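Data block for input39.cif (mmCIF, C-alpha atoms):
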data_target
#
loop_
_atom_site.label_atom_id
_atom_site.label_comp_id
_atom_site.auth_asym_id
_atom_site.auth_seq_id
_atom_site.Cartn_x
_atom_site.Cartn_y
_atom_site.Cartn_z
CA MET P 1261 76.62 75.83 65.96
CA LYS P 1262 74.05 76.57 68.69
CA SER P 1263 76.61 78.48 70.73
CA ARG P 1264 77.51 80.58 67.67
CA LEU P 1265 73.86 81.32 66.92
CA PHE P 1266 73.27 82.32 70.53
CA ALA P 1267 76.27 84.64 70.45
CA LEU P 1268 74.93 86.25 67.27
CA LEU P 1269 71.54 86.67 68.93
CA LEU P 1270 73.09 88.48 71.87
CA LEU P 1271 75.07 90.68 69.52
CA ALA P 1272 71.91 91.61 67.64
CA VAL P 1273 69.91 92.28 70.78
CA PHE P 1274 72.56 94.50 72.29
CA GLY P 1275 73.81 95.91 69.01
CA ALA P 1276 72.51 99.39 69.77
CA ALA P 1277 74.93 99.61 72.67
CA ALA P 1278 77.80 97.67 71.12
CA HIS P 1279 79.75 100.77 70.10
CA ALA P 1280 79.28 102.60 73.38
CA THR P 1281 82.37 103.40 75.39
CA GLU P 1282 82.61 101.73 78.78
CA PRO P 1283 82.69 104.46 81.44
CA THR P 1284 85.38 104.61 84.11
CA HIS P 1285 82.87 106.00 86.62
CA ALA P 1286 79.33 104.71 87.25
CA PRO P 1287 76.68 107.13 85.91
CA GLY P 1288 73.95 108.10 88.34
CA TRP P 1289 70.38 106.87 88.03
CA THR P 1290 66.97 106.68 89.66
CA LEU P 1291 64.95 103.47 89.31
CA LYS P 1292 62.01 101.80 91.02
CA THR P 1293 61.62 98.49 92.80
CA PRO P 1294 58.72 96.14 91.92
CA ASP P 1295 56.70 97.59 94.81
CA GLY P 1296 57.21 101.16 93.60
CA GLN P 1297 59.97 102.34 95.94
CA THR P 1298 62.56 104.68 94.43
CA VAL P 1299 66.30 103.96 94.57
CA THR P 1300 68.78 106.66 93.56
CA TYR P 1301 72.45 106.07 92.83
CA PRO P 1302 74.91 107.18 94.13
CA ASP P 1303 72.87 108.70 96.99
CA ASP P 1304 71.51 105.39 98.26
CA ALA P 1305 74.94 103.78 98.14
CA GLY P 1306 76.01 106.13 100.93
CA GLY P 1307 79.62 106.20 99.80
CA ALA P 1308 79.95 102.40 100.09
CA PRO P 1309 81.13 100.04 97.33
CA SER P 1310 78.33 98.81 95.07
CA VAL P 1311 77.68 95.83 92.83
CA LEU P 1312 75.42 96.23 89.77
CA LEU P 1313 74.10 93.33 87.70
CA PHE P 1314 72.21 94.22 84.51
CA TRP P 1315 70.19 91.31 83.13
CA PRO P 1316 67.13 90.09 81.18
CA SER P 1317 65.24 87.05 82.43
CA TRP P 1318 65.65 85.19 79.11
CA CYS P 1319 69.47 85.18 79.29
CA PRO P 1320 70.86 81.81 80.54
CA PHE P 1321 74.23 83.37 81.39
CA SER P 1322 72.49 85.87 83.67
CA ARG P 1323 70.60 83.04 85.35
CA ALA P 1324 73.86 81.17 85.95
CA LEU P 1325 75.55 84.20 87.54
CA GLN P 1326 72.68 85.40 89.72
CA PRO P 1327 73.04 82.87 92.59
CA TYR P 1328 76.69 83.87 93.02
CA VAL P 1329 75.72 87.56 93.11
CA GLN P 1330 73.07 86.79 95.73
CA ASP P 1331 75.78 85.15 97.85
CA ILE P 1332 77.89 88.32 97.51
CA TRP P 1333 74.88 90.37 98.63
CA ARG P 1334 74.48 88.22 101.73
CA ASP P 1335 78.18 87.94 102.59
CA TYR P 1336 79.01 91.62 102.14
CA ALA P 1337 75.91 93.23 103.65
CA GLY P 1338 77.65 93.57 107.00
CA ALA P 1339 80.48 95.50 105.34
CA GLY P 1340 77.98 98.00 103.91
CA VAL P 1341 78.26 96.89 100.27
CA LYS P 1342 75.17 97.63 98.18
CA VAL P 1343 74.02 95.11 95.57
CA TRP P 1344 71.35 95.83 92.95
CA THR P 1345 70.20 93.76 89.99
CA ILE P 1346 68.83 95.99 87.23
CA ASN P 1347 66.47 94.52 84.65
CA ILE P 1348 67.08 95.42 80.98
CA ARG P 1349 65.81 94.35 77.55
CA GLU P 1350 63.01 92.40 79.18
CA ARG P 1351 60.36 90.44 77.29
CA GLY P 1352 59.12 88.35 80.20
CA ASP P 1353 58.42 88.82 83.91
CA PRO P 1354 61.58 89.59 85.93
CA VAL P 1355 59.73 89.47 89.25
CA ALA P 1356 58.46 85.96 88.53
CA ALA P 1357 61.91 84.91 87.31
CA MET P 1358 63.52 86.08 90.57
CA ARG P 1359 60.88 84.30 92.61
CA GLU P 1360 61.17 81.03 90.70
CA ARG P 1361 64.98 81.11 91.03
CA ASP P 1362 64.74 81.74 94.80
CA LEU P 1363 66.57 85.08 94.45
CA HIS P 1364 66.01 87.81 97.02
CA PHE P 1365 68.61 90.51 96.47
CA PRO P 1366 67.25 93.94 95.45
CA LEU P 1367 65.63 94.12 92.00
CA LEU P 1368 65.20 97.35 90.03
CA LEU P 1369 63.05 97.57 86.91
CA ASN P 1370 63.18 99.26 83.51
CA GLY P 1371 66.90 99.94 83.28
CA ASP P 1372 67.11 100.18 79.49
CA ALA P 1373 67.97 103.89 79.60
CA LEU P 1374 71.22 102.97 81.37
CA MET P 1375 72.53 100.72 78.60
CA GLN P 1376 74.24 103.47 76.65
CA PRO P 1377 75.61 105.41 79.67
CA TYR P 1378 77.11 102.17 81.04
CA GLY P 1379 78.37 100.99 77.64
CA ILE P 1380 76.42 97.74 77.96
CA SER P 1381 77.23 95.42 75.05
CA ARG P 1382 76.56 91.95 76.47
CA SER P 1383 74.49 90.14 79.06
CA PRO P 1384 74.85 89.94 81.95
CA TRP P 1385 76.64 93.25 82.45
CA PHE P 1386 78.22 93.13 85.88
CA VAL P 1387 80.34 95.79 87.57
CA VAL P 1388 81.89 96.50 90.96
CA VAL P 1389 81.95 100.19 91.83
CA ALA P 1390 84.07 101.94 94.47
CA GLY P 1391 82.49 104.30 96.97
CA ASP P 1392 83.70 107.27 94.92
CA GLY P 1393 82.02 105.93 91.78
CA ARG P 1394 85.04 104.39 90.04
CA ILE P 1395 84.25 101.16 88.19
CA VAL P 1396 86.95 98.79 89.42
CA TYR P 1397 85.75 95.54 87.85
CA THR P 1398 83.65 94.67 84.78
CA ARG P 1399 82.73 91.11 83.86
CA PRO P 1400 84.81 90.12 80.80
CA ALA P 1401 83.19 89.01 77.58
CA ALA P 1402 83.98 85.30 77.95
CA PRO P 1403 84.84 84.27 81.53
CA PRO P 1404 85.50 80.56 82.10
CA SER P 1405 82.49 80.30 84.44
CA PRO P 1406 80.34 82.39 86.80
CA ILE P 1407 82.56 81.18 89.63
CA ASP P 1408 85.50 83.09 88.14
CA VAL P 1409 83.36 86.23 87.95
CA ALA P 1410 82.29 85.82 91.59
CA LYS P 1411 85.88 85.31 92.72
CA ASP P 1412 87.14 88.39 90.85
CA ALA P 1413 84.26 90.50 92.17
CA ARG P 1414 84.99 89.46 95.76
CA ILE P 1415 88.70 90.22 95.31
CA ALA P 1416 87.82 93.66 93.95
CA LEU P 1417 85.45 94.34 96.85
CA ASN P 1418 88.01 93.23 99.43
CA ALA P 1419 90.60 95.56 97.92
CA LEU P 1420 88.14 98.42 98.45
CA LEU P 1421 87.12 97.35 101.96
CA GLY P 1422 90.60 96.98 103.46
CA ASP P 1423 90.23 96.00 107.14
CA ARG P 1424 86.55 95.19 106.57
CA ALA P 1425 87.32 92.62 103.85
CA VAL P 1426 85.24 89.45 103.89
CA ALA P 1427 86.97 86.07 103.85
CA LEU P 1428 86.83 84.39 100.46
CA PRO P 1429 84.90 81.08 100.28
CA GLU P 1430 87.06 77.97 100.26
CA THR P 1431 84.73 76.34 97.73
CA TYR P 1432 81.96 77.45 95.38
CA PRO P 1433 78.92 75.40 94.33
CA ALA P 1434 79.11 74.21 90.74
CA PRO P 1435 77.03 76.07 88.14
CA TYR P 1436 73.67 74.41 87.69
CA ASP P 1437 73.19 75.09 83.99
CA LEU P 1438 74.11 72.56 81.32
CA HIS P 1439 75.31 75.15 78.82
CA LEU P 1440 78.04 76.20 81.27
CA ARG P 1441 78.91 72.70 82.44
CA ASP P 1442 79.21 71.33 78.91
CA GLY P 1443 80.40 74.53 77.25
CA LYS P 1444 77.27 74.78 75.15
CA GLN P 1445 73.67 75.84 75.21
CA GLY P 1446 71.17 73.02 75.35
CA ARG P 1447 67.72 71.89 76.24
CA GLY P 1448 68.61 71.63 79.90
CA ALA P 1449 69.62 75.29 80.08
CA GLU P 1450 66.19 76.34 78.86
CA ALA P 1451 64.09 73.87 80.84
CA PRO P 1452 63.66 75.78 84.15
CA ASP P 1453 62.02 78.87 82.64
CA ALA P 1454 59.99 76.80 80.18
CA LEU P 1455 57.87 75.42 83.04
CA PRO P 1456 55.20 77.89 84.24
CA PRO P 1457 54.01 77.92 87.88
CA SER P 1458 50.61 76.70 86.70
CA GLU P 1459 52.28 73.36 85.95
CA TRP P 1460 54.80 72.90 88.76
CA LEU P 1461 52.72 74.20 91.68
CA PRO P 1462 50.02 71.50 91.44
CA TRP P 1463 52.68 68.83 90.98
CA VAL P 1464 54.55 69.93 94.12
CA GLU P 1465 51.32 70.01 96.12
CA ARG P 1466 50.44 66.47 95.03
CA TYR P 1467 53.93 65.19 95.71
CA ILE P 1468 54.13 66.63 99.23
CA ASN P 1469 50.63 65.39 100.10
CA ALA P 1470 51.67 61.87 99.07
CA LEU P 1471 54.89 61.75 101.12
CA PRO P 1472 54.91 58.93 103.70
CA ALA P 1473 55.22 59.76 107.38
CA ASP P 1474 58.49 57.84 107.61
CA GLY P 1475 61.20 58.90 105.19
CA PRO P 1476 64.45 57.14 104.25
CA ASP P 1477 66.95 56.24 106.95
CA ARG P 1478 69.20 59.29 106.55
CA PRO P 1479 70.53 61.77 109.11
CA ALA P 1480 68.79 65.13 109.44
CA VAL P 1481 70.61 68.00 107.74
CA GLY P 1482 69.53 70.85 110.02
CA THR P 1483 67.48 73.92 109.12
CA VAL P 1484 67.22 74.40 105.34
CA THR P 1485 67.14 78.15 104.88
CA ASP P 1486 66.56 78.48 101.14
CA GLY P 1487 66.25 76.71 97.81
CA ARG P 1488 69.96 76.69 97.08
CA SER P 1489 70.61 74.90 100.38
CA ALA P 1490 67.93 72.35 99.51
CA ILE P 1491 69.56 71.72 96.15
CA GLY P 1492 72.98 71.46 97.80
CA HIS P 1493 71.73 68.76 100.20
CA ALA P 1494 69.96 67.00 97.34
CA ARG P 1495 73.10 66.95 95.18
CA GLU P 1496 75.13 65.42 98.02
CA ALA P 1497 72.49 62.74 98.60
CA TRP P 1498 72.03 62.03 94.88
CA ASN P 1499 75.78 61.81 94.26
CA ALA P 1500 76.17 59.33 97.12
CA GLU P 1501 73.15 57.24 96.14
CA TYR P 1502 73.11 57.33 92.34
CA GLY P 1503 76.56 58.58 91.28
CA SER P 1504 77.77 61.94 90.08
CA ASP P 1505 77.42 61.01 86.38
CA ALA P 1506 73.66 60.55 86.74
CA VAL P 1507 73.35 63.85 88.60
CA ARG P 1508 75.28 65.75 85.93
CA THR P 1509 73.25 64.16 83.15
CA LEU P 1510 69.94 65.21 84.69
CA ALA P 1511 70.93 68.82 85.51
CA PRO P 1512 69.76 71.57 85.87
CA PHE P 1513 67.91 71.49 89.18
CA ARG P 1514 64.95 73.25 90.71
CA SER P 1515 63.66 73.58 94.26
CA PHE P 1516 60.18 74.32 95.56
CA MET P 1517 58.88 74.87 99.08
CA ARG P 1518 55.34 74.17 100.21
CA LYS P 1519 53.89 73.37 103.64
CA GLY P 1520 57.29 73.59 105.30
CA VAL P 1521 58.90 71.05 102.96
CA TRP P 1522 61.60 71.74 100.37
CA VAL P 1523 61.43 69.56 97.26
CA ALA P 1524 64.47 69.47 94.96
CA VAL P 1525 64.18 67.90 91.52
CA THR P 1526 66.18 67.42 88.36
CA VAL P 1527 64.52 68.93 85.29
CA GLY P 1528 66.77 67.59 82.55
CA GLY P 1529 65.83 64.53 80.54
CA ASP P 1530 62.08 63.91 80.66
CA GLY P 1531 61.23 66.93 82.80
CA LEU P 1532 59.93 67.69 86.26
CA GLY P 1533 59.39 64.70 88.52
CA ALA P 1534 60.77 62.17 86.02
CA GLY P 1535 64.35 62.06 87.32
CA LEU P 1536 65.85 62.42 90.79
CA LEU P 1537 63.83 63.78 93.69
CA TYR P 1538 64.66 64.86 97.24
CA ALA P 1539 62.38 66.22 99.97
CA VAL P 1540 63.44 67.68 103.31
CA ASP P 1541 61.66 69.45 106.15
CA ARG P 1542 62.57 73.14 106.20
CA ASP P 1543 62.74 73.53 109.99
CA ASP P 1544 64.36 70.35 111.30
CA GLY P 1545 66.12 69.03 108.20
CA ARG P 1546 64.47 65.61 108.33
CA VAL P 1547 64.85 63.89 104.96
CA ARG P 1548 61.40 62.93 103.72
CA ALA P 1549 62.22 61.39 100.34
CA LEU P 1550 65.15 60.32 98.15
CA GLU P 1551 63.99 58.88 94.83
CA ASP P 1552 65.07 57.92 91.34
CA ARG P 1553 61.92 58.08 89.24
CA ARG P 1554 63.77 56.80 86.18
CA LYS P 1555 63.71 53.31 87.65
CA GLN P 1556 59.96 53.54 88.22
CA ARG P 1557 59.38 54.66 84.63
CA ALA P 1558 61.59 51.86 83.27
CA SER P 1559 59.61 49.22 85.18
CA GLN P 1560 56.23 50.45 83.96
#
So, in terms of structure tokens, how does the structure I just supplied come out?
Amino acid sequence: MKSRLFALLLLAVFGAAAHATEPTHAPGWTLKTPDGQTVTYPDDAGGAPSVLLFWPSWCPFSRALQPYVQDIWRDYAGAGVKVWTINIRERGDPVAAMRERDLHFPLLLNGDALMQPYGISRSPWFVVVAGDGRIVYTRPAAPPSPIDVAKDARIALNALLGDRAVALPETYPAPYDLHLRDGKQGRGAEAPDALPPSEWLPWVERYINALPADGPDRPAVGTVTDGRSAIGHAREAWNAEYGSDAVRTLAPFRSFMRKGVWVAVTVGGDGLGAGLLYAVDRDDGRVRALEDRRKQRASQ
């Protein structure tokens, strides 16, 4: 029932564009970045393939796809591919949402005027565009998972790049959101954005300040470059220590970095800091903490 209601909500929100015809070529546009710089398409694409992701911060399906698009941005930058995420139908703060999700690929604001030209009828709207402006891939209405979208987008890009094609990943990290893992929308899918920085920042500060000098007897994991890497290391450690069922039950996950330490936490169940925790030094990968706070709560 929840999934059906959510689908009806999306239909209502995007109803104004629902009857638009999907273009075969990407319309041009000029938009601004959060710091006021102007980006113009197709001029700034320079004849290279482009990837466009249209999204609002409140959409859980957009949140699930974004990390995979960021990986495409990183992997294909050397081949000249341009990646932009264009904010539409916003009722929150897209800049804060990107920051909290540890996303760094280029953000453009106020893209609502592009909804009709691009025939946008669902969220996220995701296209791969050839250097000559042809739209060669559009995310289908109901893909099995964001991994399938990422795979198809990479295949489309490689077909355009020819000799400059980028090797496809052998594996993809699992989606973090419960509504995709379980095939439904649920409390866990909404939990990350429901927690404002005013609540989690003080908690992270207190947690890091209380970490003991000597952490658990675990091998260092090397430099931890970003939040997704921290969550990846945490998932491996949690799976080994507490079992994959517990990790799945307590998803989704969040990561925070303060004072050179990444802290990864589960935010399902009773919320931040009440489930599984993992802390690791950013620079040398020394594991500072591996905890199951559920046991502590049960013994109190």
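Here CA of Thr1526 (chain P) and CA of Ser1504 (chain P) stand 12.9 Å from one another.
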Atom-to-atom span, CA of Arg1554 (chain P) and CA of Arg1466 (chain P), Å: 18.7 Å
Separation of CA of Arg1359 (chain P) from CA of Leu1461 (chain P) in Å: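 For CA of Leu1461 (chain P) relative to CA of Arg1359 (chain P), the distance reads 13.0 Å.
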Answer key for the PyMOL selection byres ((chain P and resi 1533) around 10), residues as a list of chain:residue names: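 Applied to this file, the PyMOL selection byres ((chain P and resi 1533) around 10) returns P:Trp1460, P:Trp1463, P:Val1464, P:Tyr1467, P:Ala1524, P:Val1525, P:Thr1526, P:Val1527, P:Gly1528, P:Asp1530, P:Gly1531, P:Leu1532, P:Ala1534, P:Gly1535, P:Leu1536, P:Leu1537, P:Glu1551, P:Asp1552, P:Arg1553, P:Arg1554.
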Reference answer for the PyMOL selection byres ((chain P and resi 1514-1520) around 10), as a VMD selection string: chain P and resid 1360 to 1362 1436 1451 to 1452 1460 to 1461 1464 to 1465 1468 to 1469 1484 1486 to 1491 1494 1511 to 1513 1521 to 1527 1532 1537 to 1544
Ground truth for the PyMOL selection byres ((chain P and resi 1285) around 6), written as a list in words: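 Selected by the PyMOL selection byres ((chain P and resi 1285) around 6) in this file: Pro1283, Thr1284, Ala1286, Gly1393, Arg1394 and Ile1395 of chain P.
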Distance criterion (all atoms listed in the file): nearest to Arg1323 (chain P) out of P:Ser1383, P:Thr1293, P:Asn1370, P:Ser1310: P:Ser1383
Selected residue, from P:Tyr1328, P:Cys1319, P:Asp1353, P:Gly1338, that lies nearest to Pro1384 (chain P) when counting only C-alpha atoms: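 Looking at the shortest contact to Pro1384 (chain P), the residue is P:Cys1319.
With all atoms listed in the file as the basis for measurement, P:Pro1354 is the residue among P:Pro1435, P:Gly1306, P:Pro1400, P:Pro1354 that approaches Pro1366 (chain P) most closely.
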For Leu1471 (chain P), the nearest of the candidates P:Ala1549, P:Asp1408, P:Glu1282, P:Val1388, counting all atoms listed in the file: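 Nearest candidate to Leu1471 (chain P) out of P:Ala1549, P:Asp1408, P:Glu1282, P:Val1388: P:Ala1549.
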Residues within 10 Å of (73.8, 104.4, 96.5), counting only C-alpha atoms, listed as a PyMOL selection string: chain P and resi 1288-1290+1299-1310+1341-1344+1391+1393
Among the residues P:Ile1332, P:Leu1510, P:Leu1368, P:Ala1324, the one that comes closest to Asn1347 (chain P) [using all atoms listed in the file]: P:Leu1368
Would you mind listing what lies within 9 Å of Met1358 (chain P) as a PDB file with C-alpha atoms, keeping the file's coordinate frame, with all atoms listed in the file counted and same-chain residues fewer than 5 positions away left out?
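Once written, result_17.pdb looks like this:
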ATOM      1  CA  SER P1317      65.240  87.050  82.430  1.00  0.00           C
ATOM      2  CA  ASP P1353      58.420  88.820  83.910  1.00  0.00           C
ATOM      3  CA  LEU P1363      66.570  85.080  94.450  1.00  0.00           C
ATOM      4  CA  HIS P1364      66.010  87.810  97.020  1.00  0.00           C
ATOM      5  CA  PHE P1365      68.610  90.510  96.470  1.00  0.00           C
ATOM      6  CA  LEU P1367      65.630  94.120  92.000  1.00  0.00           C
TER       7      LEU P1367
END
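Checking P:Gly1296, P:Gly1422, P:Gly1379, P:Pro1316 one by one against Ile1346 (chain P), counting only C-alpha atoms, you find the shortest gap at P:Pro1316.
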Report, as JSON, the axis-aligned box around all atoms of region 1300-1307 of chain P present in the file, extended by 8 Å on each side; give centre and edge lengths in Å to one decimal place.
{"center_x": 74.2, "center_y": 106.2, "center_z": 96.9, "size_x": 26.8, "size_y": 20.9, "size_z": 24.1}
